[in-house]
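Trainee: This one is final-v1.cif, mmCIF, C-alpha atoms and all ligand atoms.
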data_structure
loop_
_atom_site.label_atom_id
_atom_site.label_comp_id
_atom_site.auth_asym_id
_atom_site.auth_seq_id
_atom_site.Cartn_x
_atom_site.Cartn_y
_atom_site.Cartn_z
CA MET X 1 -74.96 3.96 56.78
CA ALA X 2 -75.67 3.30 53.11
CA ILE X 3 -75.49 6.28 50.79
CA THR X 4 -77.21 6.09 47.43
CA LEU X 5 -75.69 7.71 44.38
CA LEU X 6 -76.74 7.84 40.77
CA TYR X 7 -74.76 5.30 38.78
CA GLN X 8 -71.50 6.76 37.57
CA PRO X 9 -68.98 5.47 35.01
CA LEU X 10 -66.80 2.76 36.48
CA PRO X 11 -63.19 3.97 36.12
CA PHE X 12 -61.95 0.44 35.48
CA PHE X 13 -63.86 0.18 32.23
CA SER X 14 -62.41 3.20 30.53
CA ARG X 15 -60.18 1.04 28.33
CA SER X 16 -62.87 -0.68 26.33
CA VAL X 17 -61.66 -2.49 23.21
CA GLU X 18 -64.59 -1.36 21.08
CA LYS X 19 -65.04 2.38 20.63
CA PRO X 20 -68.77 2.75 21.14
CA ASN X 21 -70.63 5.98 20.76
CA PRO X 22 -69.79 7.83 24.01
CA ASN X 23 -73.41 8.93 24.22
CA LEU X 24 -74.42 5.29 24.56
CA ARG X 25 -72.24 4.49 27.54
CA PHE X 26 -72.92 4.74 31.25
CA PRO X 27 -76.49 5.94 31.39
CA ALA X 28 -77.14 8.19 34.38
CA ALA X 29 -80.57 6.81 35.02
CA LEU X 30 -82.47 3.78 33.93
CA LYS X 31 -86.11 3.15 33.26
CA PHE X 32 -87.62 -0.25 33.76
CA GLY X 33 -91.12 -1.00 32.62
CA GLY X 34 -93.49 -3.87 32.06
CA GLY X 35 -96.35 -4.56 29.66
CA GLY X 36 -95.81 -1.30 27.83
CA SER X 37 -95.94 1.05 30.84
CA ALA X 38 -92.40 2.03 31.72
CA VAL X 39 -91.55 2.98 35.29
CA THR X 40 -88.54 5.16 35.98
CA ALA X 41 -86.04 3.61 38.36
CA CYS X 42 -82.73 5.32 38.98
CA SER X 43 -79.85 2.92 39.00
CA SER X 44 -78.20 3.17 42.40
CA VAL X 45 -74.77 2.48 43.78
CA SER X 46 -74.32 1.58 47.41
CA ILE X 47 -71.02 2.60 48.99
CA SER X 48 -71.73 0.77 52.24
CA ASP X 49 -69.19 -2.08 51.85
CA PRO X 50 -71.76 -4.81 52.60
CA GLU X 51 -70.96 -8.09 54.36
CA PRO X 52 -71.46 -11.27 52.33
CA ARG X 53 -74.62 -13.16 53.28
CA TYR X 54 -73.34 -16.51 51.98
CA ALA X 55 -70.03 -18.32 51.56
CA SER X 56 -70.87 -19.03 47.93
CA VAL X 57 -73.70 -18.72 45.43
CA LYS X 58 -74.23 -20.61 42.20
CA SER X 59 -76.42 -19.02 39.54
CA PHE X 60 -77.80 -19.88 36.12
CA ALA X 61 -78.45 -17.52 33.21
CA PRO X 62 -80.35 -18.62 30.11
CA ALA X 63 -79.45 -18.43 26.44
CA THR X 64 -81.04 -15.64 24.44
CA VAL X 65 -82.17 -14.89 20.91
CA ALA X 66 -81.33 -11.29 20.03
CA ASN X 67 -82.70 -9.16 17.17
CA LEU X 68 -85.62 -11.48 16.37
CA GLY X 69 -85.39 -10.28 12.77
CA PRO X 70 -86.09 -6.54 12.54
CA GLY X 71 -85.24 -5.81 16.22
CA PHE X 72 -81.50 -5.35 15.72
CA ASP X 73 -79.94 -4.29 19.04
CA PHE X 74 -83.32 -3.52 20.62
CA LEU X 75 -85.26 -6.78 20.98
CA GLY X 76 -84.40 -10.12 22.47
CA CYS X 77 -85.85 -13.02 24.43
CA ALA X 78 -84.64 -15.77 26.74
CA VAL X 79 -84.95 -19.49 25.97
CA ASP X 80 -85.24 -22.18 28.59
CA GLY X 81 -83.05 -25.11 29.54
CA ILE X 82 -79.70 -23.98 28.16
CA GLY X 83 -77.32 -21.44 29.59
CA ASP X 84 -74.24 -20.81 31.70
CA PHE X 85 -73.55 -21.31 35.40
CA VAL X 86 -71.34 -19.18 37.62
CA THR X 87 -70.37 -19.86 41.24
CA ALA X 88 -69.09 -16.88 43.21
CA ARG X 89 -67.19 -17.64 46.44
CA VAL X 90 -65.86 -15.48 49.21
CA ASP X 91 -62.12 -16.14 48.95
CA PRO X 92 -59.67 -14.86 51.57
CA GLY X 93 -56.90 -15.62 49.09
CA VAL X 94 -58.16 -12.90 46.73
CA ARG X 95 -57.38 -9.24 47.44
CA PRO X 96 -60.35 -7.38 48.97
CA GLY X 97 -62.60 -5.80 46.36
CA LYS X 98 -61.05 -7.96 43.60
CA VAL X 99 -62.16 -10.97 41.58
CA SER X 100 -60.19 -13.97 40.42
CA ILE X 101 -61.29 -16.74 38.06
CA ALA X 102 -60.55 -20.11 39.62
CA GLU X 103 -62.01 -22.43 37.02
CA ILE X 104 -63.63 -22.49 33.59
CA SER X 105 -65.24 -25.62 32.19
CA GLY X 106 -67.01 -26.32 28.91
CA ALA X 107 -65.14 -23.76 26.82
CA GLY X 108 -62.32 -25.97 25.53
CA GLY X 109 -59.64 -23.69 26.98
CA LYS X 110 -60.69 -20.79 24.72
CA LEU X 111 -61.58 -18.28 27.43
CA SER X 112 -59.21 -16.07 29.38
CA LYS X 113 -58.89 -16.53 33.13
CA ASP X 114 -57.90 -12.91 33.44
CA PRO X 115 -61.01 -11.37 35.06
CA LEU X 116 -60.47 -8.17 33.09
CA TRP X 117 -60.86 -10.13 29.84
CA ASN X 118 -63.50 -12.64 30.80
CA CYS X 119 -67.24 -11.88 30.54
CA ALA X 120 -68.05 -13.32 33.96
CA GLY X 121 -65.06 -11.53 35.51
CA ILE X 122 -65.94 -8.13 34.01
CA ALA X 123 -69.58 -8.34 35.10
CA ALA X 124 -68.61 -9.58 38.59
CA ILE X 125 -66.22 -6.65 39.03
CA ALA X 126 -68.92 -4.22 37.87
CA ALA X 127 -71.43 -5.73 40.32
CA LEU X 128 -68.89 -5.59 43.18
CA GLN X 129 -68.22 -1.93 42.42
CA MET X 130 -71.94 -1.14 42.29
CA LEU X 131 -72.43 -2.88 45.62
CA GLY X 132 -69.50 -0.95 47.09
CA VAL X 133 -67.70 -4.11 48.24
CA ARG X 134 -64.19 -3.22 49.44
CA SER X 135 -63.40 -5.71 52.21
CA VAL X 136 -63.97 -9.06 50.50
CA GLY X 137 -62.35 -10.75 47.49
CA LEU X 138 -64.17 -13.29 45.33
CA SER X 139 -63.23 -16.22 43.17
CA LEU X 140 -65.47 -17.41 40.33
CA SER X 141 -66.07 -20.75 38.66
CA LEU X 142 -67.65 -20.58 35.21
CA GLU X 143 -69.43 -23.54 33.62
CA LYS X 144 -70.17 -22.85 29.97
CA GLY X 145 -73.33 -24.54 28.79
CA LEU X 146 -73.44 -22.46 25.61
CA PRO X 147 -71.12 -22.72 22.64
CA LEU X 148 -68.94 -19.67 21.98
CA GLY X 149 -69.79 -17.38 19.05
CA SER X 150 -73.02 -19.25 18.38
CA GLY X 151 -75.59 -16.47 18.35
CA LEU X 152 -77.22 -17.77 21.51
CA GLY X 153 -75.96 -15.01 23.80
CA SER X 154 -73.05 -17.02 25.18
CA SER X 155 -71.04 -14.04 26.46
CA ALA X 156 -74.19 -12.41 27.82
CA ALA X 157 -75.18 -15.54 29.78
CA SER X 158 -71.78 -15.69 31.50
CA ALA X 159 -72.00 -12.00 32.39
CA ALA X 160 -75.60 -12.26 33.58
CA ALA X 161 -74.91 -15.33 35.72
CA ALA X 162 -71.87 -13.66 37.31
CA ALA X 163 -73.72 -10.42 38.11
CA VAL X 164 -76.60 -12.36 39.66
CA ALA X 165 -74.30 -14.64 41.72
CA VAL X 166 -72.32 -11.70 43.12
CA ASN X 167 -75.48 -9.76 43.89
CA GLU X 168 -77.05 -12.72 45.70
CA LEU X 169 -73.85 -13.30 47.68
CA PHE X 170 -74.28 -9.83 49.19
CA GLY X 171 -78.01 -10.07 49.87
CA ALA X 172 -79.51 -9.18 46.47
CA ARG X 173 -79.23 -5.41 46.95
CA LEU X 174 -79.03 -4.52 43.25
CA SER X 175 -82.11 -4.16 41.08
CA ALA X 176 -82.56 -6.05 37.82
CA SER X 177 -81.73 -2.83 36.01
CA ASP X 178 -78.42 -2.53 37.90
CA LEU X 179 -77.63 -6.12 36.95
CA VAL X 180 -78.26 -5.34 33.28
CA LEU X 181 -75.83 -2.42 33.55
CA ALA X 182 -73.19 -4.63 35.19
CA ALA X 183 -73.54 -7.28 32.47
CA LEU X 184 -73.53 -4.60 29.78
CA GLU X 185 -70.05 -3.58 30.92
CA SER X 186 -68.90 -7.00 29.85
CA GLU X 187 -70.87 -7.09 26.62
CA SER X 188 -69.54 -3.72 25.50
CA LYS X 189 -65.99 -4.94 25.94
CA VAL X 190 -66.26 -8.32 24.25
CA SER X 191 -68.89 -8.00 21.55
CA GLY X 192 -70.44 -4.53 21.29
CA TYR X 193 -72.62 -2.10 23.19
CA HIS X 194 -75.92 -3.90 22.87
CA ALA X 195 -78.25 -5.08 25.63
CA ASP X 196 -80.52 -7.33 23.58
CA ASN X 197 -78.86 -10.44 25.03
CA VAL X 198 -78.01 -9.36 28.59
CA ALA X 199 -81.40 -7.77 29.32
CA PRO X 200 -83.51 -10.85 28.47
CA SER X 201 -80.94 -13.17 30.01
CA ILE X 202 -81.33 -11.30 33.31
CA MET X 203 -85.04 -10.42 33.13
CA GLY X 204 -86.42 -13.43 31.22
CA GLY X 205 -89.12 -13.33 28.54
CA PHE X 206 -89.08 -10.75 25.74
CA VAL X 207 -87.40 -7.42 26.41
CA LEU X 208 -87.46 -4.27 24.31
CA ILE X 209 -84.63 -1.78 24.71
CA ARG X 210 -86.41 1.49 24.10
CA SER X 211 -83.29 3.61 24.57
CA TYR X 212 -79.67 3.29 25.63
CA ASN X 213 -79.24 6.81 26.97
CA PRO X 214 -80.81 6.62 29.41
CA LEU X 215 -81.13 2.86 29.32
CA ASP X 216 -84.86 2.21 29.18
CA LEU X 217 -86.11 -1.37 29.13
CA ILE X 218 -89.63 -2.64 28.54
CA ARG X 219 -90.64 -6.18 29.37
CA LEU X 220 -93.05 -7.52 26.72
CA LYS X 221 -95.41 -10.07 28.22
CA PHE X 222 -96.08 -13.03 25.98
CA PRO X 223 -99.46 -14.56 27.01
CA GLN X 224 -99.11 -17.51 29.42
CA ASP X 225 -101.73 -19.59 27.64
CA LYS X 226 -100.07 -19.54 24.20
CA ASN X 227 -97.59 -22.11 22.96
CA LEU X 228 -94.33 -20.82 21.59
CA PHE X 229 -91.41 -23.05 20.62
CA PHE X 230 -88.07 -21.92 19.28
CA VAL X 231 -86.28 -24.26 16.90
CA LEU X 232 -82.59 -23.47 17.33
CA VAL X 233 -80.20 -24.97 14.82
CA ASN X 234 -76.54 -24.45 15.55
CA PRO X 235 -74.04 -25.32 12.79
CA GLU X 236 -70.37 -26.09 13.39
CA PHE X 237 -69.25 -22.65 12.34
CA GLU X 238 -68.14 -19.63 14.36
CA ALA X 239 -69.52 -16.18 13.67
CA PRO X 240 -67.86 -13.77 16.11
CA THR X 241 -70.26 -10.94 16.92
CA LYS X 242 -67.64 -8.25 16.30
CA LYS X 243 -67.00 -9.60 12.81
CA MET X 244 -70.72 -9.88 12.06
CA ARG X 245 -71.27 -6.30 13.23
CA ALA X 246 -68.45 -5.04 11.02
CA VAL X 247 -70.37 -6.03 7.85
CA LEU X 248 -73.41 -3.91 8.65
CA PRO X 249 -74.16 -0.80 6.61
CA ALA X 250 -73.43 2.65 8.03
CA GLU X 251 -76.46 4.06 6.21
CA ILE X 252 -79.78 2.66 5.06
CA THR X 253 -82.48 3.87 2.71
CA MET X 254 -85.67 5.51 3.94
CA ALA X 255 -87.62 2.67 2.30
CA ASP X 256 -85.73 0.04 4.34
CA HIS X 257 -86.15 2.13 7.50
CA ILE X 258 -89.92 2.30 6.97
CA TRP X 259 -90.14 -1.40 6.20
CA ASN X 260 -88.06 -2.58 9.15
CA SER X 261 -89.78 -0.18 11.59
CA SER X 262 -93.22 -1.40 10.57
CA GLN X 263 -92.11 -5.02 10.90
CA ALA X 264 -90.59 -4.38 14.32
CA GLY X 265 -93.85 -2.76 15.43
CA ALA X 266 -95.76 -5.78 14.13
CA LEU X 267 -93.36 -8.07 15.98
CA VAL X 268 -94.00 -6.30 19.30
CA ALA X 269 -97.77 -6.39 18.72
CA SER X 270 -97.58 -10.11 17.89
CA VAL X 271 -95.60 -10.87 21.06
CA LEU X 272 -98.10 -9.01 23.25
CA GLN X 273 -101.06 -10.68 21.51
CA GLY X 274 -99.47 -14.14 21.43
CA ASP X 275 -100.01 -14.11 17.65
CA LEU X 276 -97.61 -16.79 16.37
CA PRO X 277 -98.24 -16.36 12.63
CA GLY X 278 -97.73 -12.61 13.04
CA LEU X 279 -94.59 -13.13 15.11
CA GLY X 280 -93.15 -15.52 12.55
CA LYS X 281 -93.92 -13.22 9.64
CA ALA X 282 -92.18 -10.31 11.34
CA LEU X 283 -89.25 -12.53 12.39
CA SER X 284 -88.61 -13.38 8.72
CA SER X 285 -88.87 -9.82 7.48
CA ASP X 286 -85.56 -8.04 8.19
CA LYS X 287 -84.28 -6.21 5.11
CA ILE X 288 -81.31 -4.48 6.74
CA VAL X 289 -79.17 -6.82 8.86
CA GLU X 290 -80.04 -10.37 7.79
CA PRO X 291 -79.30 -9.79 4.07
CA ARG X 292 -75.73 -8.70 4.96
CA ARG X 293 -75.06 -11.53 7.38
CA SER X 294 -76.85 -14.42 5.75
CA PRO X 295 -74.33 -14.84 2.88
CA LEU X 296 -71.55 -15.18 5.47
CA ILE X 297 -73.19 -18.24 7.04
CA PRO X 298 -72.96 -21.16 4.57
CA GLY X 299 -76.41 -22.55 3.78
CA MET X 300 -78.38 -19.99 5.82
CA GLU X 301 -80.71 -18.98 3.01
CA ALA X 302 -81.61 -22.62 2.30
CA VAL X 303 -82.03 -23.26 6.04
CA LYS X 304 -84.56 -20.45 6.28
CA LYS X 305 -86.47 -21.83 3.30
CA ALA X 306 -86.40 -25.34 4.78
CA ALA X 307 -87.85 -24.03 8.05
CA ILE X 308 -90.70 -22.19 6.33
CA ASP X 309 -91.39 -25.12 3.96
CA GLY X 310 -91.41 -27.38 7.02
CA GLY X 311 -94.21 -25.37 8.60
CA ALA X 312 -92.39 -22.80 10.75
CA TYR X 313 -94.15 -19.45 11.11
CA GLY X 314 -90.86 -17.67 10.51
CA CYS X 315 -87.10 -17.99 10.60
CA THR X 316 -84.07 -15.74 10.88
CA ILE X 317 -80.51 -15.59 12.22
CA SER X 318 -80.34 -15.77 16.02
CA GLY X 319 -78.33 -12.76 17.21
CA ALA X 320 -75.22 -12.38 15.08
CA GLY X 321 -75.39 -16.06 14.03
CA PRO X 322 -74.57 -18.67 12.95
CA THR X 323 -77.53 -20.28 14.79
CA ALA X 324 -80.80 -20.15 12.87
CA VAL X 325 -84.00 -19.66 14.84
CA ALA X 326 -87.49 -20.65 13.69
CA VAL X 327 -90.77 -20.44 15.60
CA THR X 328 -93.71 -22.78 15.84
CA ASP X 329 -96.58 -23.47 18.26
CA ASP X 330 -96.16 -27.26 18.19
CA GLU X 331 -93.22 -29.06 19.81
CA GLU X 332 -93.40 -32.16 17.60
CA ARG X 333 -93.62 -30.00 14.47
CA GLY X 334 -90.61 -28.12 15.84
CA LYS X 335 -88.55 -31.32 15.88
CA VAL X 336 -89.42 -32.03 12.23
CA ILE X 337 -88.59 -28.44 11.26
CA GLY X 338 -85.29 -28.80 13.10
CA GLU X 339 -84.40 -31.96 11.13
CA ARG X 340 -85.09 -30.19 7.85
CA MET X 341 -82.97 -27.22 8.86
CA VAL X 342 -80.09 -29.53 9.87
CA GLU X 343 -80.32 -31.27 6.47
CA ALA X 344 -80.26 -27.91 4.68
CA PHE X 345 -77.16 -26.77 6.57
CA LEU X 346 -75.37 -29.96 5.49
CA ARG X 347 -76.68 -30.06 1.92
CA GLU X 348 -76.30 -26.38 1.02
CA GLY X 349 -73.65 -25.19 3.44
CA GLY X 350 -71.58 -28.31 4.03
CA LEU X 351 -72.00 -27.74 7.78
CA LYS X 352 -72.88 -30.25 10.45
CA ALA X 353 -75.52 -28.82 12.76
CA THR X 354 -77.56 -29.74 15.80
CA ALA X 355 -81.17 -28.82 16.47
CA MET X 356 -83.09 -28.26 19.67
CA VAL X 357 -86.63 -27.15 20.43
CA ARG X 358 -86.99 -24.78 23.40
CA LYS X 359 -89.62 -22.75 25.15
CA LEU X 360 -89.48 -19.17 26.33
CA ASP X 361 -87.63 -18.72 29.63
CA ARG X 362 -89.89 -16.34 31.54
CA VAL X 363 -87.72 -16.14 34.67
CA GLY X 364 -84.26 -15.04 33.57
CA ALA X 365 -81.00 -15.39 35.49
CA ARG X 366 -81.40 -16.77 39.00
CA PRO X 367 -79.45 -18.14 41.97
CA ILE X 368 -79.83 -21.91 42.14
CA PHE X 369 -77.71 -22.77 45.19
CA SER X 370 -76.25 -20.86 48.09
CA ALA X 371 -73.89 -22.18 50.78
CA PRO X 372 -74.13 -20.65 54.26
CA ARG X 373 -71.12 -18.87 55.74
N1 LIG X 401 -77.76 -7.33 18.35
C1 LIG X 401 -76.52 -8.04 18.38
C2 LIG X 401 -76.02 -8.25 16.97
C3 LIG X 401 -76.73 -9.36 19.06
O1 LIG X 401 -76.82 -8.74 16.16
O2 LIG X 401 -74.89 -7.92 16.67
C4 LIG X 401 -75.50 -10.21 19.12
O3 LIG X 401 -75.83 -11.42 19.78
#
Give the structure from this file in C-alpha cells form.
Ligand code: HSE
Mentor:
Amino acid sequence: MAITLLYQPLPFFSRSVEKPNPNLRFPAALKFGGGGSAVTACSSVSISDPEPRYASVKSFAPATVANLGPGFDFLGCAVDGIGDFVTARVDPGVRPGKVSIAEISGAGGKLSKDPLWNCAGIAAIAALQMLGVRSVGLSLSLEKGLPLGSGLGSSAASAAAAAVAVNELFGARLSASDLVLAALESESKVSGYHADNVAPSIMGGFVLIRSYNPLDLIRLKFPQDKNLFFVLVNPEFEAPTKKMRAVLPAEITMADHIWNSSQAGALVASVLQGDLPGLGKALSSDKIVEPRRSPLIPGMEAVKKAAIDGGAYGCTISGAGPTAVAVTDDEERGKVIGERMVEAFLREGGLKATAMVRKLDRVGARPIFSAPR
C-alpha cells in the first residue's frame, strides 16, 4: 500500500557544493498556481517501491530564458525547438535504486558520467527517491542539444528531462511540482539554488517563483492569440553561472529596489496582457544584475543597442549569459534583429555568435517515446 509523506530532505544531497541559505532548501510544502490564483499542493513522496511501466522512456526538456531582466531568480520562460533529451532505461546491470550514466552526446566530453556530479544523474536520483524505487536500477543516456554555460538553461534542461523520463518510466506518479523539486536538487549543486530555469523547463510558458520556502510557483499565461518571438544570440564565450553569480552585489539601494520591483511588476502585467512593447521595456530595465554582468560579456552593451535600434521591443542577458535575448512580435523582423546583434558581438566584442528566433514553449518537458517492457 502506498503511504504518502510530506517531502523531506534527501540525505544524499547533504554535500552540496554551493552553500545556499539553509532556509531556502527542501521546502516542506509546495504551492502550484495558475493565472495568478495559486493552489496549495503538498509535495508527496511515495514509499511504495513501484514497478516500472516501461522498459525505457525518452524525454525532451526545452531551453529557458531566466531572469527576463528584473526577474532575477524569480521569473523565467521556456522557448521552443531547442533543448536536451534523456532516455531512462531499466537496467538489470545497475544496482537496485541506483542510477548510472551510460552515454552522453553533444557535450564534447565536458560532462561527468558520475551520476552524483551530472545534472541528469542528480535529478534522476532525486526522482527515484521521491518515487520510492528500491528494486530497480536505471541507466541514462543524455543528448545535449544546448551549449554548456550559455544562459539558455542547459543544466536545467538536462535535469528536467531526466526527472520527467524517470517519472514516466514508473507511471507518472509525481506531480509537476515534485519534478521541479527533483530538478532543483541538481540545479542547487551545479549552478545555484534558483528555480527560474527548471520550473519553466518542466512546466512550459512563463513561471513566477513567488517563494522558495515553501516553494510557490505561479504559471503566468501569455495570451494564445499574441505573437511573441525570442531572438537568442549566443556568442562563442562561456559564462559559468557560478562565476556570474559571484559578481552580484550583496546589498542594493532602496532606489534600485523600488525601480526593479516596479519593472518586475510591469513585466508580469505585460506577460498576462500579451503587451509586447510593455514586456520589452521591462525586459531592458534591470538596474541591479545586468549592469554587473554586462561588462563581463564582451560586446553585450553594443548588442543590446543593436537589438533595440533594429526594432526589438527590449533586450537583456538571458539567464547568467552570455546569450543575449531580445523580443519582437514579428518573426522576419526577429531574423534581421538577430543579424544585427551577431554583427555587434563581432564588431564590439570580437566574438563569433549565432542567432535563432524562437517561440514560447507552452508545454514544457515531456516524454516523447516509451518502449514497452
Ligand atoms: N537566475 C539565475 C542567474 C539564472 O541569473 O544566476 C541562471 O541561468
Trainee: Restricting the calculation to all atoms listed in the file: of X:Asp196, X:Glu185, X:Asp216, X:Asp256, which residue gets closest to ligand LIG 401 (chain X)?
Mentor: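 Among the listed residues, the smallest separation from ligand LIG 401 (chain X) belongs to X:Asp196.
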Trainee: Quick one: residues within 10 Å of Thr87 (chain X), only C-alpha atoms, excluding same-chain residues fewer than 5 positions away - as an NGL selection string?
Mentor: :X and (56-60 or 102-103 or 138-143 or 161-162 or 164-166 or 169 or 367-370)
Trainee: Suppose we keep C-alpha atoms; can you now write the selection as a short mmCIF file (atom, residue, chain, number, x, y, z; two decimals), keeping the file's coordinate frame?
Mentor:
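Now in again-v8.cif:
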data_model
loop_
_atom_site.label_atom_id
_atom_site.label_comp_id
_atom_site.auth_asym_id
_atom_site.auth_seq_id
_atom_site.Cartn_x
_atom_site.Cartn_y
_atom_site.Cartn_z
CA SER X 56 -70.87 -19.03 47.93
CA VAL X 57 -73.70 -18.72 45.43
CA LYS X 58 -74.23 -20.61 42.20
CA SER X 59 -76.42 -19.02 39.54
CA PHE X 60 -77.80 -19.88 36.12
CA ALA X 102 -60.55 -20.11 39.62
CA GLU X 103 -62.01 -22.43 37.02
CA LEU X 138 -64.17 -13.29 45.33
CA SER X 139 -63.23 -16.22 43.17
CA LEU X 140 -65.47 -17.41 40.33
CA SER X 141 -66.07 -20.75 38.66
CA LEU X 142 -67.65 -20.58 35.21
CA GLU X 143 -69.43 -23.54 33.62
CA ALA X 161 -74.91 -15.33 35.72
CA ALA X 162 -71.87 -13.66 37.31
CA VAL X 164 -76.60 -12.36 39.66
CA ALA X 165 -74.30 -14.64 41.72
CA VAL X 166 -72.32 -11.70 43.12
CA LEU X 169 -73.85 -13.30 47.68
CA PRO X 367 -79.45 -18.14 41.97
CA ILE X 368 -79.83 -21.91 42.14
CA PHE X 369 -77.71 -22.77 45.19
CA SER X 370 -76.25 -20.86 48.09
#
Trainee: Give the residue list for ligand LIG 401 (chain X) at 6 Å, counting only C-alpha atoms and all ligand atoms, as a list in words, sorted by chain and then by residue number.
Mentor: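 Counting only what the definition allows, namely only C-alpha atoms and all ligand atoms, the set is Ala66, Asn67, Phe72, Asp73, Gly151, Gly153, His194, Asp196, Thr241, Arg245, Gly319 and Ala320 of chain X.
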Trainee: Put those residues in a file: C-alpha atoms, as an mmCIF file, in the frame of the given file.
Mentor:
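File written: part-v4.cif
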data_model
loop_
_atom_site.group_PDB
_atom_site.id
_atom_site.type_symbol
_atom_site.label_atom_id
_atom_site.label_comp_id
_atom_site.auth_asym_id
_atom_site.auth_seq_id
_atom_site.Cartn_x
_atom_site.Cartn_y
_atom_site.Cartn_z
ATOM 1 C CA ALA X 66 -81.330 -11.290 20.030
ATOM 2 C CA ASN X 67 -82.700 -9.160 17.170
ATOM 3 C CA PHE X 72 -81.500 -5.350 15.720
ATOM 4 C CA ASP X 73 -79.940 -4.290 19.040
ATOM 5 C CA GLY X 151 -75.590 -16.470 18.350
ATOM 6 C CA GLY X 153 -75.960 -15.010 23.800
ATOM 7 C CA HIS X 194 -75.920 -3.900 22.870
ATOM 8 C CA ASP X 196 -80.520 -7.330 23.580
ATOM 9 C CA THR X 241 -70.260 -10.940 16.920
ATOM 10 C CA ARG X 245 -71.270 -6.300 13.230
ATOM 11 C CA GLY X 319 -78.330 -12.760 17.210
ATOM 12 C CA ALA X 320 -75.220 -12.380 15.080
#
Trainee: Within 9 Å of Ser135 (chain X), counting only C-alpha atoms, which residues qualify if same-chain residues fewer than 4 places away don't, as a PDB file with C-alpha atoms, in the coordinates of the input?
Mentor:
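And here's around19.pdb as it stands now:
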ATOM      1  CA  ASP X  49     -69.190  -2.080  51.850  1.00  0.00           C
ATOM      2  CA  PRO X  50     -71.760  -4.810  52.600  1.00  0.00           C
ATOM      3  CA  GLU X  51     -70.960  -8.090  54.360  1.00  0.00           C
ATOM      4  CA  ARG X  95     -57.380  -9.240  47.440  1.00  0.00           C
ATOM      5  CA  PRO X  96     -60.350  -7.380  48.970  1.00  0.00           C
ATOM      6  CA  GLY X  97     -62.600  -5.800  46.360  1.00  0.00           C
TER       7      GLY X  97
END
Trainee: Of the residues X:Val231, X:Ala78, X:Val99, X:Leu351, which is the one nearest to Gly314 (chain X), using only C-alpha atoms?
Mentor: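 Counting only C-alpha atoms, the residue closest to Gly314 (chain X) is X:Val231.
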Trainee: May I ask for the distance between CA of Ala306 (chain X) and CA of Ala355 (chain X), given in Å to one decimal place?
Mentor: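 Between CA of Ala306 (chain X) and CA of Ala355 (chain X) the gap is 13.3 Å.
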Trainee: In Å to one decimal, how far is CA of Lys144 (chain X) from CA of Ala107 (chain X)?
Mentor: 6.0 Å
Trainee: I'd like the neighbourhood of Gly108 (chain X) as a compact mmCIF listing (two decimals) with C-alpha atoms, in the frame of the given file, where a residue qualifies if any of its atoms comes within 10 Å (using only C-alpha atoms), though same-chain residues fewer than 2 positions away should be ignored.
Mentor:
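Saved to part.txt:
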# COMPACT_ATOMS: atom_id res chain seq x y z
CA ILE X 104 -63.63 -22.49 33.59
CA SER X 105 -65.24 -25.62 32.19
CA GLY X 106 -67.01 -26.32 28.91
CA LYS X 110 -60.69 -20.79 24.72
CA LEU X 111 -61.58 -18.28 27.43
CA LYS X 144 -70.17 -22.85 29.97
CA PRO X 147 -71.12 -22.72 22.64
CA LEU X 148 -68.94 -19.67 21.98
Trainee: Between CA of Met300 (chain X) and CA of Leu272 (chain X), what is the distance in Å, rounded to a tenth?
Mentor: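 Between CA of Met300 (chain X) and CA of Leu272 (chain X) the gap is 28.5 Å.
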Trainee: Which residue gives the smallest distance to Ser188 (chain X) among X:Ala123, X:Met244, X:Ala239, X:Met254, with all atoms listed in the file counted?
Mentor: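 Once distances to Ser188 (chain X) are computed over all atoms listed in the file, the minimum belongs to X:Ala123.
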